[in-house]
>>> print(open('input-v1.pdb').read())   # PDB, C-alpha atoms, pLDDT in the B column
ATOM      1  CA  LYS A   1      16.030  36.105 -35.226  1.00 68.00           C
ATOM      2  CA  ALA A   2      15.855  32.515 -33.996  1.00 81.00           C
ATOM      3  CA  GLY A   3      17.306  31.784 -30.583  1.00 93.00           C
ATOM      4  CA  VAL A   4      19.714  29.098 -29.481  1.00 97.00           C
ATOM      5  CA  THR A   5      18.371  25.642 -30.206  1.00 97.00           C
ATOM      6  CA  GLN A   6      19.368  22.411 -28.542  1.00 98.00           C
ATOM      7  CA  THR A   7      18.572  18.838 -29.488  1.00 97.00           C
ATOM      8  CA  PRO A   8      17.374  16.572 -28.163  1.00 97.00           C
ATOM      9  CA  ARG A   9      15.393  18.170 -25.344  1.00 96.00           C
ATOM     10  CA  TYR A  10      15.217  14.998 -23.291  1.00 97.00           C
ATOM     11  CA  LEU A  11      17.420  11.938 -23.218  1.00 96.00           C
ATOM     12  CA  ILE A  12      17.524   8.780 -21.129  1.00 98.00           C
ATOM     13  CA  LYS A  13      20.667   6.654 -21.109  1.00 98.00           C
ATOM     14  CA  THR A  14      22.126   3.894 -18.969  1.00 98.00           C
ATOM     15  CA  ARG A  15      25.424   3.871 -17.138  1.00 98.00           C
ATOM     16  CA  GLY A  16      28.402   3.191 -19.353  1.00 98.00           C
ATOM     17  CA  GLN A  17      26.797   4.488 -22.514  1.00 98.00           C
ATOM     18  CA  GLN A  18      27.875   7.616 -24.326  1.00 98.00           C
ATOM     19  CA  VAL A  19      25.785  10.561 -25.463  1.00 98.00           C
ATOM     20  CA  THR A  20      26.068  13.428 -27.938  1.00 98.00           C
ATOM     21  CA  LEU A  21      24.171  16.676 -27.509  1.00 98.00           C
ATOM     22  CA  SER A  22      23.802  19.312 -30.191  1.00 98.00           C
ATOM     23  CA  CYS A  23      23.575  23.094 -30.098  1.00 98.00           C
ATOM     24  CA  SER A  24      22.855  25.621 -32.853  1.00 98.00           C
ATOM     25  CA  PRO A  25      23.784  29.170 -31.863  1.00 97.00           C
ATOM     26  CA  ILE A  26      22.020  32.372 -32.797  1.00 96.00           C
ATOM     27  CA  SER A  27      22.807  33.271 -36.393  1.00 95.00           C
ATOM     28  CA  GLY A  28      26.063  35.223 -36.567  1.00 93.00           C
ATOM     29  CA  HIS A  29      27.261  34.129 -33.132  1.00 94.00           C
ATOM     30  CA  ARG A  30      30.579  32.349 -33.221  1.00 93.00           C
ATOM     31  CA  SER A  31      31.134  31.696 -29.523  1.00 94.00           C
ATOM     32  CA  VAL A  32      29.391  28.695 -27.996  1.00 96.00           C
ATOM     33  CA  SER A  33      29.661  27.687 -24.349  1.00 96.00           C
ATOM     34  CA  TRP A  34      28.296  24.681 -22.510  1.00 98.00           C
ATOM     35  CA  TYR A  35      27.113  24.494 -18.896  1.00 97.00           C
ATOM     36  CA  GLN A  36      25.854  21.762 -16.626  1.00 97.00           C
ATOM     37  CA  GLN A  37      23.125  22.410 -14.083  1.00 94.00           C
ATOM     38  CA  THR A  38      22.544  20.024 -11.187  1.00 93.00           C
ATOM     39  CA  PRO A  39      20.706  20.548  -7.898  1.00 87.00           C
ATOM     40  CA  GLY A  40      23.892  19.982  -5.910  1.00 84.00           C
ATOM     41  CA  GLN A  41      26.456  21.959  -7.915  1.00 86.00           C
ATOM     42  CA  GLY A  42      24.327  24.590  -9.602  1.00 89.00           C
ATOM     43  CA  LEU A  43      25.347  25.978 -12.982  1.00 93.00           C
ATOM     44  CA  GLN A  44      28.893  25.031 -13.905  1.00 96.00           C
ATOM     45  CA  PHE A  45      30.937  25.923 -16.963  1.00 96.00           C
ATOM     46  CA  LEU A  46      32.052  23.021 -19.137  1.00 97.00           C
ATOM     47  CA  PHE A  47      33.841  24.597 -22.101  1.00 95.00           C
ATOM     48  CA  GLU A  48      33.755  27.368 -24.683  1.00 95.00           C
ATOM     49  CA  TYR A  49      34.394  27.190 -28.414  1.00 95.00           C
ATOM     50  CA  PHE A  50      35.105  29.976 -30.845  1.00 93.00           C
ATOM     51  CA  SER A  51      35.898  29.509 -34.525  1.00 92.00           C
ATOM     52  CA  GLU A  52      36.156  25.740 -34.058  1.00 94.00           C
ATOM     53  CA  THR A  53      38.767  26.099 -31.282  1.00 94.00           C
ATOM     54  CA  GLN A  54      38.293  25.345 -27.618  1.00 94.00           C
ATOM     55  CA  ARG A  55      39.147  28.558 -25.792  1.00 92.00           C
ATOM     56  CA  ASN A  56      38.376  27.625 -22.254  1.00 90.00           C
ATOM     57  CA  LYS A  57      37.636  24.522 -20.240  1.00 93.00           C
ATOM     58  CA  GLY A  58      35.986  24.021 -16.884  1.00 94.00           C
ATOM     59  CA  ASN A  59      36.882  21.535 -14.189  1.00 94.00           C
ATOM     60  CA  PHE A  60      35.292  18.402 -15.612  1.00 96.00           C
ATOM     61  CA  PRO A  61      36.828  14.986 -16.341  1.00 96.00           C
ATOM     62  CA  GLY A  62      38.043  14.069 -19.802  1.00 96.00           C
ATOM     63  CA  ARG A  63      34.848  12.069 -20.392  1.00 97.00           C
ATOM     64  CA  PHE A  64      33.299  15.403 -21.279  1.00 98.00           C
ATOM     65  CA  SER A  65      34.362  16.695 -24.663  1.00 97.00           C
ATOM     66  CA  GLY A  66      33.079  18.991 -27.338  1.00 97.00           C
ATOM     67  CA  ARG A  67      33.654  20.360 -30.755  1.00 97.00           C
ATOM     68  CA  GLN A  68      32.498  23.155 -32.990  1.00 97.00           C
ATOM     69  CA  PHE A  69      31.876  23.046 -36.701  1.00 97.00           C
ATOM     70  CA  SER A  70      32.580  25.653 -39.363  1.00 96.00           C
ATOM     71  CA  ASN A  71      28.953  26.828 -39.229  1.00 94.00           C
ATOM     72  CA  SER A  72      29.393  27.461 -35.460  1.00 95.00           C
ATOM     73  CA  ARG A  73      27.114  24.590 -34.477  1.00 97.00           C
ATOM     74  CA  SER A  74      28.532  22.694 -31.530  1.00 98.00           C
ATOM     75  CA  GLU A  75      28.263  19.240 -30.051  1.00 98.00           C
ATOM     76  CA  MET A  76      29.236  17.935 -26.664  1.00 98.00           C
ATOM     77  CA  ASN A  77      29.908  14.312 -25.922  1.00 98.00           C
ATOM     78  CA  VAL A  78      29.921  12.464 -22.636  1.00 98.00           C
ATOM     79  CA  SER A  79      31.437   9.004 -22.655  1.00 95.00           C
ATOM     80  CA  THR A  80      31.075   6.217 -20.081  1.00 97.00           C
ATOM     81  CA  LEU A  81      28.070   7.839 -18.478  1.00 98.00           C
ATOM     82  CA  GLU A  82      27.759   7.846 -14.684  1.00 97.00           C
ATOM     83  CA  LEU A  83      24.644   8.377 -12.576  1.00 97.00           C
ATOM     84  CA  GLY A  84      26.035  11.745 -11.504  1.00 96.00           C
ATOM     85  CA  ASP A  85      25.992  12.986 -15.088  1.00 97.00           C
ATOM     86  CA  SER A  86      22.215  13.330 -14.872  1.00 97.00           C
ATOM     87  CA  ALA A  87      21.679  17.045 -15.332  1.00 96.00           C
ATOM     88  CA  LEU A  88      20.330  19.827 -17.488  1.00 95.00           C
ATOM     89  CA  TYR A  89      22.940  20.651 -20.131  1.00 97.00           C
ATOM     90  CA  LEU A  90      22.754  24.193 -21.384  1.00 97.00           C
ATOM     91  CA  CYS A  91      24.325  25.779 -24.397  1.00 97.00           C
ATOM     92  CA  ALA A  92      24.871  29.514 -24.751  1.00 97.00           C
ATOM     93  CA  SER A  93      26.031  31.636 -27.654  1.00 96.00           C
ATOM     94  CA  SER A  94      27.468  35.109 -27.969  1.00 94.00           C
ATOM     95  CA  LEU A  95      28.817  37.385 -30.642  1.00 91.00           C
ATOM     96  CA  LEU A  96      32.073  38.368 -28.979  1.00 82.00           C
ATOM     97  CA  THR A  97      34.638  36.342 -27.119  1.00 78.00           C
ATOM     98  CA  THR A  98      34.650  38.376 -23.936  1.00 79.00           C
ATOM     99  CA  GLN A  99      32.460  40.766 -21.965  1.00 80.00           C
ATOM    100  CA  ASP A 100      29.471  39.871 -24.052  1.00 85.00           C
ATOM    101  CA  THR A 101      25.965  38.703 -23.275  1.00 90.00           C
ATOM    102  CA  GLN A 102      25.471  34.997 -23.548  1.00 92.00           C
ATOM    103  CA  TYR A 103      22.080  33.776 -24.714  1.00 95.00           C
ATOM    104  CA  PHE A 104      21.017  30.362 -23.535  1.00 96.00           C
ATOM    105  CA  GLY A 105      19.108  27.591 -25.224  1.00 97.00           C
ATOM    106  CA  PRO A 106      16.338  25.605 -23.530  1.00 96.00           C
ATOM    107  CA  GLY A 107      18.713  22.839 -22.485  1.00 96.00           C
ATOM    108  CA  THR A 108      18.855  19.070 -22.820  1.00 97.00           C
ATOM    109  CA  ARG A 109      17.652  17.095 -19.815  1.00 96.00           C
ATOM    110  CA  LEU A 110      19.867  13.994 -19.535  1.00 97.00           C
ATOM    111  CA  THR A 111      18.840  11.192 -17.220  1.00 97.00           C
ATOM    112  CA  VAL A 112      21.295   8.374 -16.582  1.00 98.00           C
ATOM    113  CA  LEU A 113      19.795   5.158 -15.172  1.00 97.00           C
TER     114      LEU A 113
ATOM    115  CA  ASP B   1      35.284  27.611  -3.377  1.00 71.00           C
ATOM    116  CA  GLN B   2      32.148  29.582  -4.231  1.00 82.00           C
ATOM    117  CA  GLN B   3      33.416  32.692  -5.992  1.00 94.00           C
ATOM    118  CA  VAL B   4      29.931  34.114  -6.566  1.00 96.00           C
ATOM    119  CA  LYS B   5      27.459  33.943  -3.713  1.00 95.00           C
ATOM    120  CA  GLN B   6      23.781  34.668  -3.414  1.00 96.00           C
ATOM    121  CA  ASN B   7      23.148  34.355   0.288  1.00 92.00           C
ATOM    122  CA  SER B   8      19.358  34.565   0.126  1.00 95.00           C
ATOM    123  CA  PRO B   9      17.898  31.393  -1.335  1.00 95.00           C
ATOM    124  CA  SER B  10      14.439  32.936  -1.455  1.00 97.00           C
ATOM    125  CA  LEU B  11      12.679  36.282  -1.388  1.00 97.00           C
ATOM    126  CA  SER B  12       9.003  37.123  -1.208  1.00 98.00           C
ATOM    127  CA  VAL B  13       7.694  40.536  -2.310  1.00 98.00           C
ATOM    128  CA  GLN B  14       4.273  42.042  -2.851  1.00 97.00           C
ATOM    129  CA  GLU B  15       3.185  43.050  -6.308  1.00 97.00           C
ATOM    130  CA  GLY B  16       4.058  46.660  -7.069  1.00 97.00           C
ATOM    131  CA  ARG B  17       6.832  46.851  -4.482  1.00 98.00           C
ATOM    132  CA  ILE B  18      10.580  46.775  -5.066  1.00 98.00           C
ATOM    133  CA  SER B  19      12.492  43.493  -5.245  1.00 98.00           C
ATOM    134  CA  ILE B  20      16.173  43.654  -4.309  1.00 98.00           C
ATOM    135  CA  LEU B  21      18.345  40.668  -5.063  1.00 98.00           C
ATOM    136  CA  ASN B  22      21.916  40.600  -3.822  1.00 98.00           C
ATOM    137  CA  CYS B  23      25.119  38.963  -4.982  1.00 97.00           C
ATOM    138  CA  ASP B  24      28.654  38.952  -3.578  1.00 97.00           C
ATOM    139  CA  TYR B  25      31.838  37.863  -5.280  1.00 97.00           C
ATOM    140  CA  THR B  26      35.343  37.131  -4.096  1.00 96.00           C
ATOM    141  CA  ASN B  27      37.404  37.118  -7.298  1.00 94.00           C
ATOM    142  CA  SER B  28      38.756  40.623  -7.898  1.00 94.00           C
ATOM    143  CA  MET B  29      39.501  39.706 -11.521  1.00 93.00           C
ATOM    144  CA  PHE B  30      35.791  39.628 -12.363  1.00 94.00           C
ATOM    145  CA  ASP B  31      34.995  42.617 -14.554  1.00 93.00           C
ATOM    146  CA  TYR B  32      31.656  41.811 -16.179  1.00 94.00           C
ATOM    147  CA  PHE B  33      28.486  40.859 -14.397  1.00 95.00           C
ATOM    148  CA  LEU B  34      25.113  39.627 -15.593  1.00 96.00           C
ATOM    149  CA  TRP B  35      21.740  38.762 -14.148  1.00 98.00           C
ATOM    150  CA  TYR B  36      19.633  35.954 -15.529  1.00 97.00           C
ATOM    151  CA  LYS B  37      16.121  34.791 -14.757  1.00 97.00           C
ATOM    152  CA  LYS B  38      15.299  31.110 -14.945  1.00 94.00           C
ATOM    153  CA  TYR B  39      12.191  28.957 -14.909  1.00 91.00           C
ATOM    154  CA  PRO B  40      12.430  25.219 -14.166  1.00 85.00           C
ATOM    155  CA  ALA B  41      13.514  23.051 -17.098  1.00 79.00           C
ATOM    156  CA  GLU B  42      14.271  26.111 -19.240  1.00 86.00           C
ATOM    157  CA  GLY B  43      17.451  27.943 -20.104  1.00 91.00           C
ATOM    158  CA  PRO B  44      18.343  31.174 -18.283  1.00 94.00           C
ATOM    159  CA  THR B  45      16.974  34.366 -19.813  1.00 95.00           C
ATOM    160  CA  PHE B  46      19.302  37.367 -19.884  1.00 95.00           C
ATOM    161  CA  LEU B  47      18.054  40.410 -17.956  1.00 97.00           C
ATOM    162  CA  ILE B  48      20.775  42.988 -17.595  1.00 97.00           C
ATOM    163  CA  SER B  49      24.547  43.320 -17.399  1.00 95.00           C
ATOM    164  CA  ILE B  50      27.141  45.734 -16.082  1.00 95.00           C
ATOM    165  CA  SER B  51      30.807  46.267 -16.772  1.00 94.00           C
ATOM    166  CA  SER B  52      33.185  47.038 -13.910  1.00 94.00           C
ATOM    167  CA  ILE B  53      33.808  50.515 -15.326  1.00 94.00           C
ATOM    168  CA  LYS B  54      30.246  51.441 -14.335  1.00 96.00           C
ATOM    169  CA  ASP B  55      28.445  51.405 -11.021  1.00 96.00           C
ATOM    170  CA  LYS B  56      24.880  51.408 -12.331  1.00 98.00           C
ATOM    171  CA  ASN B  57      22.985  50.199 -15.359  1.00 97.00           C
ATOM    172  CA  GLU B  58      19.293  50.560 -15.973  1.00 97.00           C
ATOM    173  CA  ASP B  59      16.895  48.857 -18.376  1.00 97.00           C
ATOM    174  CA  GLY B  60      13.204  49.458 -17.880  1.00 97.00           C
ATOM    175  CA  ARG B  61      12.121  48.024 -14.548  1.00 98.00           C
ATOM    176  CA  PHE B  62      15.548  46.490 -13.920  1.00 98.00           C
ATOM    177  CA  THR B  63      18.534  48.295 -12.423  1.00 98.00           C
ATOM    178  CA  VAL B  64      21.834  46.707 -11.477  1.00 98.00           C
ATOM    179  CA  PHE B  65      24.195  48.366  -8.998  1.00 98.00           C
ATOM    180  CA  LEU B  66      27.845  47.437  -8.656  1.00 98.00           C
ATOM    181  CA  ASN B  67      29.984  48.259  -5.619  1.00 97.00           C
ATOM    182  CA  LYS B  68      33.493  47.172  -6.570  1.00 96.00           C
ATOM    183  CA  SER B  69      35.093  48.005  -3.238  1.00 96.00           C
ATOM    184  CA  ALA B  70      32.597  45.774  -1.454  1.00 97.00           C
ATOM    185  CA  LYS B  71      32.573  43.201  -4.269  1.00 97.00           C
ATOM    186  CA  HIS B  72      28.811  43.387  -4.224  1.00 98.00           C
ATOM    187  CA  LEU B  73      26.111  43.792  -6.816  1.00 97.00           C
ATOM    188  CA  SER B  74      22.379  44.023  -6.577  1.00 98.00           C
ATOM    189  CA  LEU B  75      19.426  43.828  -8.911  1.00 98.00           C
ATOM    190  CA  HIS B  76      16.440  46.077  -8.294  1.00 98.00           C
ATOM    191  CA  ILE B  77      13.095  45.315  -9.911  1.00 98.00           C
ATOM    192  CA  VAL B  78      10.546  48.115  -9.714  1.00 98.00           C
ATOM    193  CA  PRO B  79       7.625  47.601  -9.725  1.00 98.00           C
ATOM    194  CA  SER B  80       7.589  43.865  -9.123  1.00 98.00           C
ATOM    195  CA  GLN B  81       5.040  41.849 -11.088  1.00 97.00           C
ATOM    196  CA  PRO B  82       3.727  38.297 -10.588  1.00 95.00           C
ATOM    197  CA  GLY B  83       5.433  37.281 -13.863  1.00 94.00           C
ATOM    198  CA  ASP B  84       8.772  38.123 -12.244  1.00 96.00           C
ATOM    199  CA  SER B  85       8.458  35.060 -10.017  1.00 97.00           C
ATOM    200  CA  ALA B  86      11.416  32.854 -10.975  1.00 97.00           C
ATOM    201  CA  VAL B  87      14.928  31.956  -9.881  1.00 97.00           C
ATOM    202  CA  TYR B  88      17.440  34.762 -10.415  1.00 98.00           C
ATOM    203  CA  PHE B  89      21.114  34.050 -10.974  1.00 97.00           C
ATOM    204  CA  CYS B  90      23.962  36.491 -10.944  1.00 97.00           C
ATOM    205  CA  ALA B  91      26.994  35.561 -13.016  1.00 96.00           C
ATOM    206  CA  ALA B  92      30.469  36.978 -13.447  1.00 95.00           C
ATOM    207  CA  SER B  93      33.320  36.738 -15.913  1.00 92.00           C
ATOM    208  CA  ASP B  94      36.826  38.132 -16.278  1.00 90.00           C
ATOM    209  CA  THR B  95      38.397  39.285 -19.515  1.00 81.00           C
ATOM    210  CA  GLY B  96      41.117  36.654 -19.322  1.00 78.00           C
ATOM    211  CA  GLY B  97      38.562  33.891 -19.016  1.00 77.00           C
ATOM    212  CA  GLY B  98      36.751  34.655 -22.233  1.00 80.00           C
ATOM    213  CA  ASN B  99      33.056  33.986 -21.967  1.00 85.00           C
ATOM    214  CA  LYS B 100      33.330  31.617 -19.019  1.00 91.00           C
ATOM    215  CA  LEU B 101      30.582  32.560 -16.573  1.00 93.00           C
ATOM    216  CA  THR B 102      30.741  31.766 -12.879  1.00 95.00           C
ATOM    217  CA  PHE B 103      27.226  31.596 -11.483  1.00 96.00           C
ATOM    218  CA  GLY B 104      25.806  32.178  -8.050  1.00 96.00           C
ATOM    219  CA  THR B 105      23.481  29.644  -6.470  1.00 94.00           C
ATOM    220  CA  GLY B 106      20.341  31.574  -7.302  1.00 95.00           C
ATOM    221  CA  THR B 107      17.553  33.333  -5.414  1.00 97.00           C
ATOM    222  CA  GLN B 108      13.949  32.197  -5.771  1.00 97.00           C
ATOM    223  CA  LEU B 109      11.792  35.315  -6.089  1.00 98.00           C
ATOM    224  CA  LYS B 110       8.093  35.063  -5.411  1.00 98.00           C
ATOM    225  CA  VAL B 111       5.922  38.074  -6.204  1.00 97.00           C
ATOM    226  CA  GLU B 112       2.605  37.830  -4.430  1.00 96.00           C
ATOM    227  CA  LEU B 113      -0.655  39.509  -5.341  1.00 90.00           C
TER     228      LEU B 113
END
>>> encode(input="input-v1.pdb", output="structure tokens")
Amino acid sequence: KAGVTQTPRYLIKTRGQQVTLSCSPISGHRSVSWYQQTPGQGLQFLFEYFSETQRNKGNFPGRFSGRQFSNSRSEMNVSTLELGDSALYLCASSLLTTQDTQYFGPGTRLTVL
Amino acid sequence: DQQVKQNSPSLSVQEGRISILNCDYTNSMFDYFLWYKKYPAEGPTFLISISSIKDKNEDGRFTVFLNKSAKHLSLHIVPSQPGDSAVYFCAASDTGGGNKLTFGTGTQLKVEL
């Protein structure tokens, strides 16, 4: 069974631009969560989607948004990029909506110049 | 407020010996705990999990112990192998929070020959 895939793997943007990252979960998984990893803040939860509905949201500004499609694929968008948005963005999928193992993709490395 | 803490940023162990990684949490609502292993620029790889109704879970060389009264969990790796060298994260979730994971800051494990 194929794992979680994320595209693109690497991205370079400039301040003020916007970016869209994509995540395809493991087949059959309907829950998709997004995390940001930075050296200073570690791994932090952004949001979770299940059946096209946002179920949970972390403590990030409104510039960070996401959505999920009917095939469970998910996208996250960051608008008006800031230097501090440079990070590894990770997507994880799971079968259930609680107390379930989340499987992570390889991540998208975003660099904001 | 760091709700999940890994107080040892690094640990060095000889090949064949036991590695013990520790994690403390403060949120008494957490009821599901996971350990992940991570290499740089890759997504975390799931190792083992434990529900709060158990105090031990074992999978091959990996055993996780949970002490709810002390709000402490540990991961034992026996025997340690050079391929185990990576950063290990503990993570926690509560049923009300869906699949939102709160991560510790990680422990860098180095297994030496």
>>> interface_residues(input="input-v1.pdb", of="chain B", to="chain A", cutoff="10 Å", atoms="all atoms listed in the file", output="ChimeraX atom specification")
/B:31-34,36,41-51,89,91-106
>>> atom_distance(input="input-v1.pdb", atom1="atom CA of Ser12 of chain B", atom2="atom CA of Asn57 of chain B")
23.8 Å
>>> resolve_selection(input="input-v1.pdb", expression="the PyMOL selection byres ((chain B and resi 65) around 10)", output="NGL selection string")
:B and (22 or 49-50 or 54-58 or 63-64 or 66-68 or 72-76)
>>> residues_around(input="input-v1.pdb", residues="Lys13 of chain A", least_positions_apart="4", cutoff="10 Å", atoms="all atoms listed in the file", output="number ranges by chain")
A: 17-19, 81-83, 86, 110-113
>>> write_last_selection(input="input-v1.pdb", atoms="C-alpha atoms", output="mmCIF file, keeping the file's coordinate frame")
data_model
loop_
_atom_site.group_PDB
_atom_site.id
_atom_site.type_symbol
_atom_site.label_atom_id
_atom_site.label_comp_id
_atom_site.auth_asym_id
_atom_site.auth_seq_id
_atom_site.Cartn_x
_atom_site.Cartn_y
_atom_site.Cartn_z
ATOM 1 C CA GLN A 17 26.797 4.488 -22.514
ATOM 2 C CA GLN A 18 27.875 7.616 -24.326
ATOM 3 C CA VAL A 19 25.785 10.561 -25.463
ATOM 4 C CA LEU A 81 28.070 7.839 -18.478
ATOM 5 C CA GLU A 82 27.759 7.846 -14.684
ATOM 6 C CA LEU A 83 24.644 8.377 -12.576
ATOM 7 C CA SER A 86 22.215 13.330 -14.872
ATOM 8 C CA LEU A 110 19.867 13.994 -19.535
ATOM 9 C CA THR A 111 18.840 11.192 -17.220
ATOM 10 C CA VAL A 112 21.295 8.374 -16.582
ATOM 11 C CA LEU A 113 19.795 5.158 -15.172
#
>>> atom_distance(input="input-v1.pdb", atom1="atom CA of Asp85 of chain A", atom2="atom CA of Val4 of chain B")
23.1 Å
>>> atom_distance(input="input-v1.pdb", atom1="atom CA of Ser74 of chain A", atom2="atom CA of Ser22 of chain A")
6.0 Å
>>> resolve_selection(input="input-v1.pdb", expression="the PyMOL selection byres ((chain B and resi 78-88) around 7)", output="ChimeraX atom specification")
/B:15-19,35-39,61-62,76-77,89-90,106-113
>>> write_last_selection(input="input-v1.pdb", atoms="C-alpha atoms", output="PDB file, in the frame of the given file")
ATOM      1  CA  GLU B  15       3.185  43.050  -6.308  1.00 97.00           C
ATOM      2  CA  GLY B  16       4.058  46.660  -7.069  1.00 97.00           C
ATOM      3  CA  ARG B  17       6.832  46.851  -4.482  1.00 98.00           C
ATOM      4  CA  ILE B  18      10.580  46.775  -5.066  1.00 98.00           C
ATOM      5  CA  SER B  19      12.492  43.493  -5.245  1.00 98.00           C
ATOM      6  CA  TRP B  35      21.740  38.762 -14.148  1.00 98.00           C
ATOM      7  CA  TYR B  36      19.633  35.954 -15.529  1.00 97.00           C
ATOM      8  CA  LYS B  37      16.121  34.791 -14.757  1.00 97.00           C
ATOM      9  CA  LYS B  38      15.299  31.110 -14.945  1.00 94.00           C
ATOM     10  CA  TYR B  39      12.191  28.957 -14.909  1.00 91.00           C
ATOM     11  CA  ARG B  61      12.121  48.024 -14.548  1.00 98.00           C
ATOM     12  CA  PHE B  62      15.548  46.490 -13.920  1.00 98.00           C
ATOM     13  CA  HIS B  76      16.440  46.077  -8.294  1.00 98.00           C
ATOM     14  CA  ILE B  77      13.095  45.315  -9.911  1.00 98.00           C
ATOM     15  CA  PHE B  89      21.114  34.050 -10.974  1.00 97.00           C
ATOM     16  CA  CYS B  90      23.962  36.491 -10.944  1.00 97.00           C
ATOM     17  CA  GLY B 106      20.341  31.574  -7.302  1.00 95.00           C
ATOM     18  CA  THR B 107      17.553  33.333  -5.414  1.00 97.00           C
ATOM     19  CA  GLN B 108      13.949  32.197  -5.771  1.00 97.00           C
ATOM     20  CA  LEU B 109      11.792  35.315  -6.089  1.00 98.00           C
ATOM     21  CA  LYS B 110       8.093  35.063  -5.411  1.00 98.00           C
ATOM     22  CA  VAL B 111       5.922  38.074  -6.204  1.00 97.00           C
ATOM     23  CA  GLU B 112       2.605  37.830  -4.430  1.00 96.00           C
ATOM     24  CA  LEU B 113      -0.655  39.509  -5.341  1.00 90.00           C
TER      25      LEU B 113
END
>>> axis_aligned_box(input="input-v1.pdb", around="segment 62-74 of chain A", padding_each_side="5 Å", output="JSON")
{"center_x": 32.6, "center_y": 19.8, "center_z": -29.6, "size_x": 20.9, "size_y": 25.4, "size_z": 29.6}
>>> resolve_selection(input="input-v1.pdb", expression="the PyMOL selection byres ((chain A and resi 75) around 9)", output="list in words")
Thr20, Leu21, Ser22, Cys23, Ser24, Ser65, Gly66, Arg67, Gln68, Phe69, Arg73, Ser74, Met76 and Asn77 of chain A
>>> build_atoms(input="input-v1.pdb", residues="segment 82-94 of chain B", atoms="N, CA, C and O atoms", output="short mmCIF file (atom, residue, chain, number, x, y, z; two decimals), in the frame of the given file")
data_model
loop_
_atom_site.label_atom_id
_atom_site.label_comp_id
_atom_site.auth_asym_id
_atom_site.auth_seq_id
_atom_site.Cartn_x
_atom_site.Cartn_y
_atom_site.Cartn_z
N PRO B 82 3.81 39.75 -10.81
CA PRO B 82 3.73 38.30 -10.59
C PRO B 82 4.54 37.49 -11.60
O PRO B 82 5.12 36.46 -11.26
N GLY B 83 4.64 37.96 -12.83
CA GLY B 83 5.43 37.28 -13.86
C GLY B 83 6.93 37.29 -13.59
O GLY B 83 7.68 36.58 -14.25
N ASP B 84 7.35 38.09 -12.61
CA ASP B 84 8.77 38.12 -12.24
C ASP B 84 9.15 36.94 -11.36
O ASP B 84 10.34 36.73 -11.09
N SER B 85 8.18 36.20 -10.89
CA SER B 85 8.46 35.06 -10.02
C SER B 85 9.27 34.01 -10.78
O SER B 85 8.81 33.47 -11.79
N ALA B 86 10.47 33.76 -10.31
CA ALA B 86 11.42 32.85 -10.98
C ALA B 86 12.66 32.76 -10.10
O ALA B 86 12.75 33.41 -9.05
N VAL B 87 13.62 31.98 -10.55
CA VAL B 87 14.93 31.96 -9.88
C VAL B 87 15.85 32.93 -10.61
O VAL B 87 15.92 32.92 -11.84
N TYR B 88 16.53 33.77 -9.84
CA TYR B 88 17.44 34.76 -10.42
C TYR B 88 18.87 34.38 -10.09
O TYR B 88 19.23 34.12 -8.94
N PHE B 89 19.70 34.37 -11.13
CA PHE B 89 21.11 34.05 -10.97
C PHE B 89 21.96 35.27 -11.32
O PHE B 89 21.71 35.92 -12.34
N CYS B 90 22.95 35.55 -10.51
CA CYS B 90 23.96 36.49 -10.94
C CYS B 90 25.14 35.67 -11.46
O CYS B 90 25.35 34.52 -11.06
N ALA B 91 25.87 36.25 -12.40
CA ALA B 91 26.99 35.56 -13.02
C ALA B 91 28.10 36.58 -13.26
O ALA B 91 27.84 37.78 -13.43
N ALA B 92 29.32 36.09 -13.27
CA ALA B 92 30.47 36.98 -13.45
C ALA B 92 31.49 36.36 -14.38
O ALA B 92 31.60 35.13 -14.47
N SER B 93 32.23 37.22 -15.06
CA SER B 93 33.32 36.74 -15.91
C SER B 93 34.49 37.71 -15.82
O SER B 93 34.34 38.85 -15.36
N ASP B 94 35.67 37.24 -16.20
CA ASP B 94 36.83 38.13 -16.28
C ASP B 94 37.37 38.08 -17.69
O ASP B 94 37.24 37.06 -18.38
#
